[in-house]
>>> print(open('target12.cif').read())   # mmCIF, C-alpha atoms and all ligand atoms
data_my_file
#
loop_
_atom_site.label_atom_id
_atom_site.label_comp_id
_atom_site.auth_asym_id
_atom_site.auth_seq_id
_atom_site.Cartn_x
_atom_site.Cartn_y
_atom_site.Cartn_z
CA MET A 107 1.82 79.56 -10.41
CA SER A 108 2.27 76.13 -11.98
CA PHE A 109 -0.02 74.88 -14.71
CA MET A 110 -1.57 72.31 -12.36
CA ASN A 111 -2.18 74.86 -9.58
CA GLN A 112 -3.82 77.08 -12.14
CA ILE A 113 -6.14 74.27 -13.18
CA ASP A 114 -6.93 73.53 -9.53
CA GLN A 115 -8.27 77.00 -9.01
CA GLU A 116 -10.38 77.23 -12.11
CA ILE A 117 -14.08 76.63 -12.22
CA THR A 118 -14.68 73.66 -14.46
CA ARG A 119 -15.07 74.30 -18.19
CA LEU A 120 -15.45 71.76 -20.95
CA GLU A 121 -11.72 72.09 -21.68
CA THR A 122 -10.95 71.21 -18.06
CA LEU A 123 -12.83 67.93 -18.40
CA GLU A 124 -11.29 67.20 -21.79
CA ASN A 125 -7.84 67.79 -20.36
CA PHE A 126 -8.46 65.43 -17.45
CA VAL A 127 -9.96 62.80 -19.73
CA GLU A 128 -6.59 62.77 -21.52
CA VAL A 129 -4.51 62.65 -18.34
CA TYR A 130 -6.44 60.19 -16.14
CA ARG A 131 -6.80 57.22 -18.45
CA GLU A 132 -7.02 54.54 -15.78
CA ILE A 133 -10.45 55.72 -14.65
CA PRO A 134 -13.61 56.06 -16.74
CA ILE A 135 -14.81 59.42 -18.03
CA GLU A 136 -18.03 58.82 -16.12
CA ALA A 137 -16.05 58.77 -12.86
CA ILE A 138 -14.28 62.03 -13.72
CA ILE A 139 -17.54 63.86 -14.34
CA LYS A 140 -19.26 62.27 -11.36
CA GLN A 141 -16.51 63.43 -9.00
CA ASP A 142 -16.69 66.96 -10.34
CA ILE A 143 -20.46 67.15 -9.97
CA LEU A 144 -20.20 65.84 -6.41
CA ARG A 145 -17.51 68.42 -5.73
CA LEU A 146 -19.27 71.42 -7.25
CA GLY A 147 -22.92 70.49 -6.75
CA LEU A 148 -25.84 71.11 -9.06
CA ARG A 149 -28.26 73.89 -9.77
CA PHE A 150 -31.67 73.40 -11.26
CA ASP A 151 -33.95 75.06 -13.73
CA THR A 152 -37.41 74.75 -12.19
CA LYS A 153 -38.73 73.78 -15.62
CA ALA A 154 -36.82 70.53 -15.26
CA LEU A 155 -38.62 69.75 -12.02
CA GLU A 156 -42.13 70.49 -13.20
CA ASN A 157 -44.62 67.84 -14.29
CA HIS A 158 -42.47 64.91 -13.23
CA THR A 159 -42.90 62.42 -10.43
CA TYR A 160 -39.62 61.51 -8.77
CA LYS A 161 -38.09 60.86 -5.40
CA THR A 162 -36.88 64.08 -3.80
CA LYS A 163 -34.00 64.45 -1.36
CA ASP A 164 -34.91 62.84 1.93
CA TYR A 165 -32.01 64.44 3.84
CA PHE A 166 -31.31 60.95 5.09
CA ILE A 167 -28.44 61.90 7.45
CA PHE A 168 -26.55 65.02 6.31
CA THR A 169 -27.64 67.84 4.01
CA PHE A 170 -24.76 67.42 1.55
CA ASP A 171 -25.85 70.83 0.22
CA HIS A 172 -23.44 73.68 -0.33
CA VAL A 173 -25.82 76.36 0.89
CA PRO A 174 -28.11 76.39 3.93
CA LEU A 175 -31.71 75.40 3.29
CA LYS A 176 -32.87 78.92 4.09
CA ASP A 177 -30.69 80.36 1.32
CA GLN A 178 -31.72 77.91 -1.37
CA PRO A 179 -33.96 79.17 -4.15
CA GLU A 180 -37.51 78.65 -2.97
CA GLU A 181 -38.46 77.17 -6.33
CA TYR A 182 -36.37 74.10 -5.68
CA ARG A 183 -35.85 73.92 -1.94
CA PHE A 184 -37.02 70.41 -0.96
CA LYS A 185 -37.87 69.73 -4.61
CA ALA A 186 -34.51 68.56 -5.89
CA PRO A 187 -34.19 64.85 -6.68
CA GLU A 188 -32.14 62.61 -4.39
CA GLU A 189 -29.89 61.65 -7.29
CA ILE A 190 -29.61 62.09 -10.99
CA LYS A 191 -28.66 59.51 -13.59
CA ILE A 192 -26.88 60.96 -16.58
CA SER A 193 -26.11 59.24 -19.87
CA GLU A 194 -25.01 59.89 -23.49
CA GLY A 195 -24.27 63.57 -24.24
CA TYR A 196 -20.96 65.12 -25.27
CA PHE A 197 -18.80 62.30 -23.85
CA ASN A 198 -21.32 59.56 -24.71
CA LEU A 199 -21.56 58.50 -21.07
CA LEU A 200 -22.90 55.22 -19.81
CA PRO A 201 -25.62 55.69 -17.16
CA THR A 202 -24.04 57.25 -14.07
CA VAL A 203 -25.82 57.79 -10.74
CA ILE A 204 -24.82 60.92 -8.83
CA SER A 205 -26.03 62.24 -5.48
CA VAL A 206 -27.55 65.74 -5.61
CA ARG A 207 -25.82 68.48 -3.67
CA ILE A 208 -27.48 71.81 -4.19
CA ASP A 209 -25.27 74.71 -5.16
CA PRO A 210 -26.85 77.68 -6.98
CA ASN A 211 -23.34 78.69 -8.14
CA SER A 212 -22.46 75.38 -9.73
CA PRO A 213 -21.49 75.36 -13.42
CA TYR A 214 -23.49 72.12 -13.70
CA TYR A 215 -27.06 72.97 -14.59
CA VAL A 216 -30.05 70.63 -14.83
CA THR A 217 -32.44 72.10 -17.35
CA THR A 218 -34.58 71.10 -20.34
CA ASN A 219 -33.79 71.08 -24.06
CA GLU A 220 -35.95 72.14 -27.02
CA GLU A 221 -37.81 68.84 -26.87
CA ASN A 222 -38.53 69.40 -23.20
CA LEU A 223 -36.26 66.52 -22.15
CA ILE A 224 -34.22 66.94 -18.99
CA VAL A 225 -30.53 67.45 -19.66
CA LEU A 226 -27.38 68.32 -17.77
CA LYS A 227 -25.41 71.24 -19.12
CA LEU A 228 -21.95 72.60 -18.49
CA ASN A 229 -22.21 76.08 -19.92
CA ASP A 230 -23.60 75.48 -23.44
CA THR A 231 -22.59 71.85 -23.70
CA VAL A 232 -25.08 69.07 -23.03
CA LEU A 233 -23.24 66.53 -20.88
CA GLY A 234 -26.08 64.07 -20.95
CA LYS A 235 -29.73 63.35 -20.65
CA VAL A 236 -30.96 63.15 -17.08
CA GLU A 237 -33.27 60.80 -15.23
CA PHE A 238 -34.57 61.28 -11.71
CA PRO A 239 -35.05 58.39 -9.28
CA PRO A 240 -38.50 56.79 -9.14
CA VAL A 241 -40.67 57.06 -6.03
CA PRO A 242 -40.89 53.64 -4.34
CA SER A 243 -44.46 52.30 -4.35
CA TRP A 244 -44.50 51.97 -0.55
CA TYR A 245 -43.80 55.69 -0.06
CA ARG A 246 -47.57 56.12 -0.36
CA TYR A 247 -48.31 54.61 3.06
CA LYS A 248 -48.16 56.08 6.57
CA THR A 249 -47.17 54.14 9.68
CA SER A 250 -49.67 53.50 12.48
CA ASN A 251 -47.89 56.31 14.34
CA GLY A 252 -48.53 58.68 11.44
CA LYS A 253 -44.95 58.71 10.10
CA ASN A 254 -43.98 58.95 6.45
CA PRO A 255 -41.92 56.03 5.13
CA ASN A 256 -39.48 58.37 3.40
CA GLU A 257 -38.60 59.81 6.78
CA ILE A 258 -38.35 56.49 8.64
CA ALA A 259 -36.68 54.29 6.02
CA PRO A 260 -35.71 56.30 2.93
CA VAL A 261 -33.94 54.63 0.06
CA ILE A 262 -30.92 56.01 -1.76
CA GLU A 263 -28.56 54.68 -4.46
CA TRP A 264 -31.45 54.45 -6.92
CA GLY A 265 -33.45 52.38 -4.45
CA TYR A 266 -30.69 49.88 -3.60
CA LEU A 267 -29.99 50.96 -0.01
CA ILE A 268 -32.50 51.49 2.81
CA TYR A 269 -30.96 54.14 4.99
CA LEU A 270 -31.87 53.96 8.68
CA THR A 271 -30.45 56.92 10.56
CA VAL A 272 -32.00 55.77 13.81
CA PHE A 273 -30.45 58.60 15.85
CA ARG A 274 -30.37 61.89 13.96
CA ASN A 275 -28.00 63.71 16.31
CA CYS A 276 -24.50 63.13 17.54
CA GLN A 277 -23.43 63.44 21.14
CA TYR A 278 -20.12 64.84 19.94
CA PHE A 279 -21.44 68.33 20.11
CA GLY A 280 -19.95 71.71 19.23
CA LYS A 281 -16.58 72.61 17.72
CA ASP A 282 -14.52 70.84 20.39
CA GLU A 283 -16.10 67.45 19.73
CA GLU A 284 -18.02 67.29 16.45
CA CYS A 285 -16.09 66.11 13.45
CA ALA A 286 -15.18 69.30 11.63
CA PHE A 287 -16.79 68.24 8.33
CA CYS A 288 -20.01 66.74 9.70
CA ASP A 289 -23.38 68.47 9.59
CA ILE A 290 -25.55 65.83 11.27
CA ASN A 291 -26.54 68.16 14.13
CA HIS A 292 -26.83 71.18 11.81
CA ASN A 293 -28.96 69.24 9.36
CA TRP A 294 -31.28 68.29 12.22
CA ARG A 295 -31.63 71.93 13.27
CA GLN A 296 -32.28 73.10 9.72
CA GLN A 297 -34.97 70.48 9.10
CA LYS A 298 -36.63 71.38 12.39
CA ASN A 299 -36.52 75.10 11.58
CA PHE A 300 -38.49 74.32 8.44
CA LYS A 301 -40.94 72.29 10.55
CA ARG A 302 -40.24 69.18 8.53
CA PRO A 303 -41.17 65.83 10.04
CA TYR A 304 -37.77 64.65 11.22
CA THR A 305 -37.78 62.00 13.93
CA GLY A 306 -34.80 62.30 16.30
CA ILE A 307 -34.80 58.73 17.58
CA LYS A 308 -36.72 56.33 15.37
CA SER A 309 -38.93 53.71 16.94
CA ILE A 310 -38.28 50.09 16.10
CA GLU A 311 -42.01 49.69 15.59
CA ASP A 312 -42.08 52.34 12.84
CA ILE A 313 -39.05 50.86 11.13
CA LEU A 314 -40.45 47.33 11.15
CA GLU A 315 -43.74 48.56 9.75
CA VAL A 316 -42.04 50.28 6.81
CA LEU A 317 -39.75 47.32 6.25
CA SER A 318 -42.79 45.04 6.05
CA TRP A 319 -44.01 47.05 3.05
CA ILE A 320 -40.58 46.96 1.47
CA ASP A 321 -40.45 43.23 2.06
CA GLN A 322 -43.76 42.77 0.27
CA GLU A 323 -43.50 45.27 -2.57
CA ASP A 324 -39.89 46.02 -3.34
CA ASN A 325 -37.31 44.07 -5.32
CA ILE A 326 -34.79 46.87 -5.78
CA ALA A 327 -33.59 47.40 -2.21
CA LYS A 328 -30.89 44.85 -1.41
CA ALA A 329 -29.23 46.30 1.68
CA TYR A 330 -29.93 48.42 4.72
CA THR A 331 -27.69 50.62 6.83
CA ILE A 332 -28.23 51.22 10.53
CA THR A 333 -26.47 54.39 11.61
CA GLY A 334 -26.69 57.67 13.47
CA GLY A 335 -24.62 59.88 15.70
CA SER A 336 -22.25 58.66 18.36
CA VAL A 337 -23.58 57.95 21.84
CA ILE A 338 -21.06 59.03 24.45
CA THR A 339 -23.06 58.76 27.62
CA GLU A 340 -26.39 57.02 27.26
CA LEU A 341 -29.41 57.20 25.02
CA GLN A 342 -32.73 55.91 26.28
CA ASN A 343 -30.82 54.43 29.22
CA LYS A 344 -28.68 52.38 26.89
CA ASN A 345 -25.01 52.58 26.02
CA GLU A 346 -24.01 53.01 22.39
CA GLN A 347 -23.73 49.34 21.51
CA ASP A 348 -26.98 48.38 23.27
CA PHE A 349 -28.81 51.27 21.63
CA TYR A 350 -27.80 50.27 18.10
CA PHE A 351 -28.06 46.54 18.73
CA GLN A 352 -31.80 46.66 19.42
CA TYR A 353 -32.42 47.78 15.81
CA ALA A 354 -30.20 45.12 14.25
CA GLU A 355 -31.74 42.43 16.42
CA ALA A 356 -35.34 43.43 15.67
CA ILE A 357 -34.80 43.70 11.91
CA GLU A 358 -32.98 40.40 11.58
CA LYS A 359 -35.48 38.65 13.84
CA HIS A 360 -38.41 39.78 11.70
CA PHE A 361 -36.72 39.61 8.31
CA PRO A 362 -33.78 37.19 8.62
CA ASN A 363 -31.26 37.74 5.80
CA ARG A 364 -33.85 39.56 3.70
CA TRP A 365 -31.36 42.35 3.00
CA ILE A 366 -27.61 42.79 3.54
CA GLY A 367 -27.34 44.37 7.00
CA LYS A 368 -24.71 47.08 7.46
CA MET A 369 -23.71 49.11 10.53
CA VAL A 370 -22.09 52.55 10.21
CA VAL A 371 -20.99 53.28 13.76
CA GLN A 372 -17.86 53.99 15.77
CA ALA A 373 -14.94 51.58 16.06
CA TRP A 374 -15.93 49.10 18.75
CA GLU A 375 -14.03 46.34 20.52
CA LYS A 376 -14.29 42.84 19.10
CA LYS A 377 -16.22 41.62 22.11
CA ASP A 378 -18.90 44.22 21.42
CA LEU A 379 -19.16 43.26 17.76
CA VAL A 380 -19.70 39.53 18.12
CA ARG A 381 -23.43 39.78 18.83
CA PHE A 382 -23.96 42.00 15.76
CA LYS A 383 -22.42 39.34 13.56
CA GLU A 384 -24.37 36.60 15.31
CA VAL A 385 -27.65 38.40 14.87
CA GLY A 386 -27.10 38.73 11.12
CA ILE A 387 -25.21 41.96 10.39
CA LYS A 388 -22.87 41.38 7.45
CA ILE A 389 -20.92 44.60 6.98
CA TYR A 390 -19.19 46.92 9.40
CA HIS A 391 -18.28 50.52 8.58
CA PRO A 392 -16.13 52.01 11.38
CA ASN A 393 -15.43 55.21 9.47
CA PHE A 394 -11.88 56.44 9.77
CA GLU A 395 -12.47 59.83 8.06
CA VAL A 396 -8.88 61.07 7.67
CA TRP A 397 -5.65 59.09 7.80
CA ASP A 398 -3.03 61.63 8.90
CA LYS A 399 -2.43 61.38 12.66
CA ARG A 400 -2.30 65.10 13.30
CA LEU A 401 -5.32 65.84 11.15
CA PHE A 402 -7.34 63.03 12.71
CA SER A 403 -6.99 64.65 16.13
CA ILE A 404 -7.83 68.11 14.80
CA LEU A 405 -10.69 67.15 12.48
CA CYS A 406 -12.23 64.39 14.62
CA PRO A 407 -11.66 65.78 18.12
CA GLY A 408 -14.44 63.76 19.76
CA LYS A 409 -13.29 60.48 18.25
CA GLU A 410 -9.71 61.25 19.22
CA ARG A 411 -10.62 62.08 22.82
CA PHE A 412 -13.06 59.27 23.52
CA ILE A 413 -11.51 56.45 21.51
CA GLY A 414 -8.23 57.66 20.02
CA ARG A 415 -6.70 57.04 16.61
CA ASP A 416 -4.51 54.09 17.61
CA ASN A 417 -7.45 52.32 19.22
CA TRP A 418 -9.56 53.10 16.19
CA ILE A 419 -7.02 51.47 13.88
CA ARG A 420 -6.55 48.46 16.14
CA ARG A 421 -10.29 47.93 16.39
CA ILE A 422 -10.72 48.10 12.61
CA VAL A 423 -8.01 45.52 12.08
CA GLU A 424 -9.36 43.25 14.82
CA SER A 425 -12.94 43.47 13.53
CA VAL A 426 -11.76 41.52 10.48
CA GLU A 427 -11.80 38.42 12.69
CA ILE A 428 -15.53 38.93 13.26
CA PHE A 429 -16.84 40.04 9.88
CA GLY A 430 -14.16 38.89 7.45
CA PRO A 431 -11.74 41.35 5.83
CA SER A 432 -13.73 42.57 2.85
CA ASN A 433 -16.82 43.09 5.01
CA VAL A 434 -15.02 45.76 7.02
CA ILE A 435 -15.31 48.98 5.05
CA PRO A 436 -14.12 52.15 6.79
CA ASN A 437 -14.81 55.43 5.05
CA PHE A 438 -12.48 58.33 4.35
CA VAL A 439 -13.89 61.80 3.78
CA GLY A 440 -12.05 62.50 0.55
CA GLY A 441 -10.58 65.98 0.34
CA VAL A 442 -10.82 67.00 3.96
CA GLU A 443 -7.03 66.59 4.29
CA LEU A 444 -6.76 69.82 2.27
CA ALA A 445 -8.82 71.93 4.69
CA LYS A 446 -7.02 75.04 5.85
CA PRO A 447 -5.18 76.02 7.97
CA TYR A 448 -4.08 72.61 9.27
CA GLY A 449 -4.38 70.49 6.14
CA PHE A 450 -1.86 69.69 3.45
CA SER A 451 -0.95 72.51 1.14
CA SER A 452 -0.73 70.40 -2.02
CA VAL A 453 -2.80 67.73 -3.74
CA LYS A 454 0.29 65.56 -3.92
CA GLU A 455 0.86 65.52 -0.16
CA ALA A 456 -2.84 65.01 0.59
CA VAL A 457 -3.15 62.05 -1.75
CA HIS A 458 0.16 60.61 -0.55
CA SER A 459 -1.12 60.62 3.03
CA THR A 460 -4.48 59.02 2.26
CA ALA A 461 -2.82 56.51 -0.06
CA GLU A 462 -0.75 55.37 2.92
CA GLY A 463 -4.00 54.71 4.82
CA LEU A 464 -5.53 52.88 1.86
CA ASP A 465 -2.45 50.70 1.53
CA PHE A 466 -2.36 49.96 5.24
CA PHE A 467 -5.99 48.82 5.40
CA MET A 468 -5.99 47.04 2.05
CA SER A 469 -2.86 45.11 3.06
CA HIS A 470 -5.06 43.68 5.85
CA GLY A 471 -7.77 42.77 3.35
CA VAL A 472 -9.99 45.62 4.55
CA VAL A 473 -11.54 47.64 1.71
CA PRO A 474 -11.76 51.30 2.67
CA ARG A 475 -13.92 53.50 0.49
CA PHE A 476 -14.20 57.24 0.31
CA THR A 477 -16.94 59.82 -0.01
CA THR A 478 -16.60 63.28 -1.52
CA TRP A 479 -16.21 66.03 1.04
CA CYS A 480 -18.27 69.13 0.40
CA PRO A 481 -17.86 71.93 2.93
CA GLU A 482 -21.40 72.04 4.30
CA PRO A 483 -22.44 75.36 5.84
CA TYR A 484 -22.46 75.58 9.66
CA THR A 485 -19.76 72.92 10.01
CA THR A 486 -16.36 73.97 11.37
CA LEU A 487 -15.03 73.74 7.81
CA GLY A 488 -18.10 75.31 6.21
CA ASN A 489 -16.29 78.27 4.67
CA GLN A 490 -13.50 76.26 3.06
CA GLN A 491 -12.72 76.00 -0.63
CA LYS A 492 -13.82 72.82 -2.33
CA PRO A 493 -10.93 70.44 -3.03
CA PRO A 494 -9.74 70.55 -6.65
CA LEU A 495 -10.98 67.95 -9.10
CA ARG A 496 -7.40 66.79 -9.62
CA TYR A 497 -7.31 65.63 -5.99
CA PHE A 498 -10.28 63.30 -6.53
CA LEU A 499 -8.90 61.92 -9.77
CA GLU A 500 -5.54 61.20 -8.17
CA LEU A 501 -7.30 59.56 -5.22
CA LEU A 502 -9.57 57.44 -7.43
CA THR A 503 -6.56 56.32 -9.45
CA ILE A 504 -4.58 55.33 -6.36
CA TRP A 505 -7.63 53.67 -4.78
CA LYS A 506 -8.04 51.53 -7.90
CA ARG A 507 -4.33 50.68 -8.15
CA THR A 508 -4.14 49.64 -4.49
CA PHE A 509 -7.38 47.65 -4.72
CA GLU A 510 -5.96 45.81 -7.73
CA LYS A 511 -2.50 45.38 -6.18
CA TYR A 512 -4.01 43.41 -3.28
CA LYS A 513 -6.47 41.60 -5.60
CA LEU A 514 -9.36 42.42 -3.30
CA PRO A 515 -12.92 41.30 -3.92
CA VAL A 516 -15.65 43.76 -4.92
CA PRO A 517 -16.97 45.29 -1.68
CA PRO A 518 -20.32 43.70 -0.86
CA GLY A 519 -23.43 45.75 -0.10
CA TYR A 520 -22.99 48.30 -2.89
CA GLY A 521 -24.68 46.61 -5.79
CA GLU A 522 -23.02 45.94 -9.09
CA PRO A 523 -19.64 47.55 -9.68
CA GLY A 524 -18.35 49.20 -12.80
CA ARG A 525 -18.90 51.89 -15.34
CA GLY A 526 -22.56 52.20 -16.30
CA LYS A 527 -23.67 49.95 -13.45
CA ALA A 528 -22.58 51.39 -10.10
CA VAL A 529 -25.31 52.95 -7.95
CA PHE A 530 -23.18 54.19 -5.05
CA SER A 531 -23.78 57.88 -5.48
CA VAL A 532 -21.47 59.91 -3.20
CA SER A 533 -18.16 58.96 -4.80
CA ALA A 534 -17.05 57.11 -7.90
CA PHE A 535 -15.10 54.31 -6.21
CA MET A 536 -17.57 51.65 -7.38
CA ASP A 537 -17.61 53.11 -10.90
CA VAL A 538 -13.90 52.49 -11.44
CA ILE A 539 -13.83 48.80 -10.50
CA GLY A 540 -12.94 46.60 -13.46
CA TYR A 541 -12.23 49.50 -15.84
CA GLU A 542 -9.46 48.58 -18.25
CA GLY A 543 -8.35 52.04 -19.25
CA ARG A 544 -8.38 53.83 -22.57
S1 LIG A 601 -18.95 60.91 15.02
FE1 LIG A 601 -18.37 62.64 13.76
S2 LIG A 601 -18.99 62.05 11.66
FE2 LIG A 601 -20.08 60.70 13.09
S3 LIG A 601 -22.02 61.71 13.42
FE3 LIG A 601 -20.67 62.36 15.10
S4 LIG A 601 -19.77 64.28 14.38
FE4 LIG A 601 -20.67 63.23 12.60
#
>>> encode(input="target12.cif", output="structure tokens", more="lines below")
Ligand code: SF4
Amino acid sequence: MSFMNQIDQEITRLETLENFVEVYREIPIEAIIKQDILRLGLRFDTKALENHTYKTKDYFIFTFDHVPLKDQPEEYRFKAPEEIKISEGYFNLLPTVISVRIDPNSPYYVTTNEENLIVLKLNDTVLGKVEFPPVPSWYRYKTSNGKNPNEIAPVIEWGYLIYLTVFRNCQYFGKDEECAFCDINHNWRQQKNFKRPYTGIKSIEDILEVLSWIDQEDNIAKAYTITGGSVITELQNKNEQDFYFQYAEAIEKHFPNRWIGKMVVQAWEKKDLVRFKEVGIKIYHPNFEVWDKRLFSILCPGKERFIGRDNWIRRIVESVEIFGPSNVIPNFVGGVELAKPYGFSSVKEAVHSTAEGLDFFMSHGVVPRFTTWCPEPYTTLGNQQKPPLRYFLELLTIWKRTFEKYKLPVPPGYGEPGRGKAVFSVSAFMDVIGYEGR
């Protein structure tokens, strides 16, 4: 076994991080640690959660957890924070916001120190002090229909992004259609099993009511995302575009340009996108998921069958004419190219493939981003190994190089870029922008 393969299979130790800090000098240390925490998840000491007020996980679209809700320690099921912000510690980190993915086996442990301050530990080493996100003031209300704001319009990214999953299911259903890494339908079932309030199709009325409080009280939220599962037939007697359009239209009519409007939906034809732009939507995320042609058809069988990869690519490129190149931001699910048995057998091949996709889109001025795949239970890929940290560091490095090669602008709708400033919490792509190396 080669040295690198050996490292790939190890659980992270301090020496692992120190080694990577030496090797990957084009990306900040904060980004290295962030990617590893996203990859391996977090476990919590209940002492760290006691006697604090903070925003807990709202399960805004997926679970992102590594174990089913029913198997999570009761002491912190539904009590974990949405994100953590770590700073200082062994590597003297600048503040770094990281999405919480629960994994009771993670080496990363949120606990308290002798002074009762919350810290993040890797074995015996304190990697940083920890903050939890504040609860927005308007979370205290209830809508006229009796709904909680955190269910209707939760915020993530330390309050920056209002996340509107208006349809909490996907009509790509079951192994033959659902994307193999996606737990939207499984998350829905789990929340329902725990009898949590979890509205399947959100009413425009509820959303507007919550947004009116945000409009009045909140200066942190700067963007909103309208998203949800794909609509293959009809939903409420509407086709997919009509269904999603009604939300964009209502929000922009009541609060014109108050926030940056983003749509995370399928790849649509230009003619279907025009009215979204006209009504005030600024950013379009037709998520591509995985670049390799063969893997796209295996891992996104519904998308392949109903739209097809070539159409998906064409539609992304053409949507540039509507929104402008840097406002088209398709997502890749980073690491899913390594899923067995169909995926690439080495980090090198996996990164090479995705780098080809990054280069293709960036050469058209489009700025693809990536999120960090975690094999969520119940998904087709739920029992897979997590991708090695080296994969994410290679991918971040190549993302940054390609972004710089094409001299692309900072993607809008993500807040400030850069080390110590980025709030995008499910990958470190915003953290690396502008970093000059060490
Ligand atoms: S299209 Fe795929 S990724 Fe999107 S919600 Fe449906 S199953 Fe999930």
>>> residues_around(input="target12.cif", residues="Pro260 (chain A)", least_positions_apart="2", cutoff="7 Å", atoms="all atoms listed in the file", output="list of chain:residue names")
A:Asp164, A:Phe166, A:Pro255, A:Asn256, A:Glu257, A:Ile258, A:Ile262, A:Ile268, A:Tyr269
>>> atom_distance(input="target12.cif", atom1="CA of Arg149 (chain A)", atom2="CA of Val127 (chain A)")
23.6 Å
>>> residues_near_ligand(input="target12.cif", ligand="ligand LIG 601 (chain A)", cutoff="7 Å", atoms="all atoms listed in the file", output="list of chain:residue names")
A:Asn275, A:Cys276, A:Gln277, A:Tyr278, A:Glu284, A:Cys285, A:Cys288, A:Asp289, A:Ile290, A:Gly334, A:Gly335, A:Ser336, A:Cys406, A:Lys409
>>> residues_around(input="target12.cif", residues="region 522-536 of chain A", least_positions_apart="5", cutoff="8 Å", atoms="all atoms listed in the file", output="PyMOL selection string")
chain A and resi 134+136-137+140-141+144+189+199-205+263-264+266+475-478+502+505-506+516+541
>>> atom_distance(input="target12.cif", atom1="CA of Glu188 (chain A)", atom2="CA of Ser250 (chain A)")
26.0 Å
>>> atom_distance(input="target12.cif", atom1="CA of Asn251 (chain A)", atom2="CA of Lys308 (chain A)")
11.2 Å
>>> axis_aligned_box(input="target12.cif", around="region 482-500 of chain A", padding_each_side="5 Å", output="AutoDock Vina command-line options")
--center_x -14.0 --center_y 69.7 --center_z 0.8 --size_x 26.9 --size_y 27.1 --size_z 31.1
>>> closest_residue(input="target12.cif", among="A:Phe197, A:Phe150, A:Phe126, A:Tyr304", to="Gln178 (chain A)", atoms="all atoms listed in the file")
A:Phe150
>>> residues_around(input="target12.cif", residues="Glu181 (chain A)", least_positions_apart="3", cutoff="10 Å", atoms="all atoms listed in the file", output="list in words")
Phe150, Asp151, Thr152, Lys153, Leu155, Gln178, Phe184, Lys185 and Ala186 of chain A
>>> residues_near_point(input="target12.cif", point="(-22.8, 40.9, 9.0)", cutoff="7 Å", atoms="only C-alpha atoms", output="NGL selection string")
:A and (367-368 or 382-383 or 386-389 or 429)
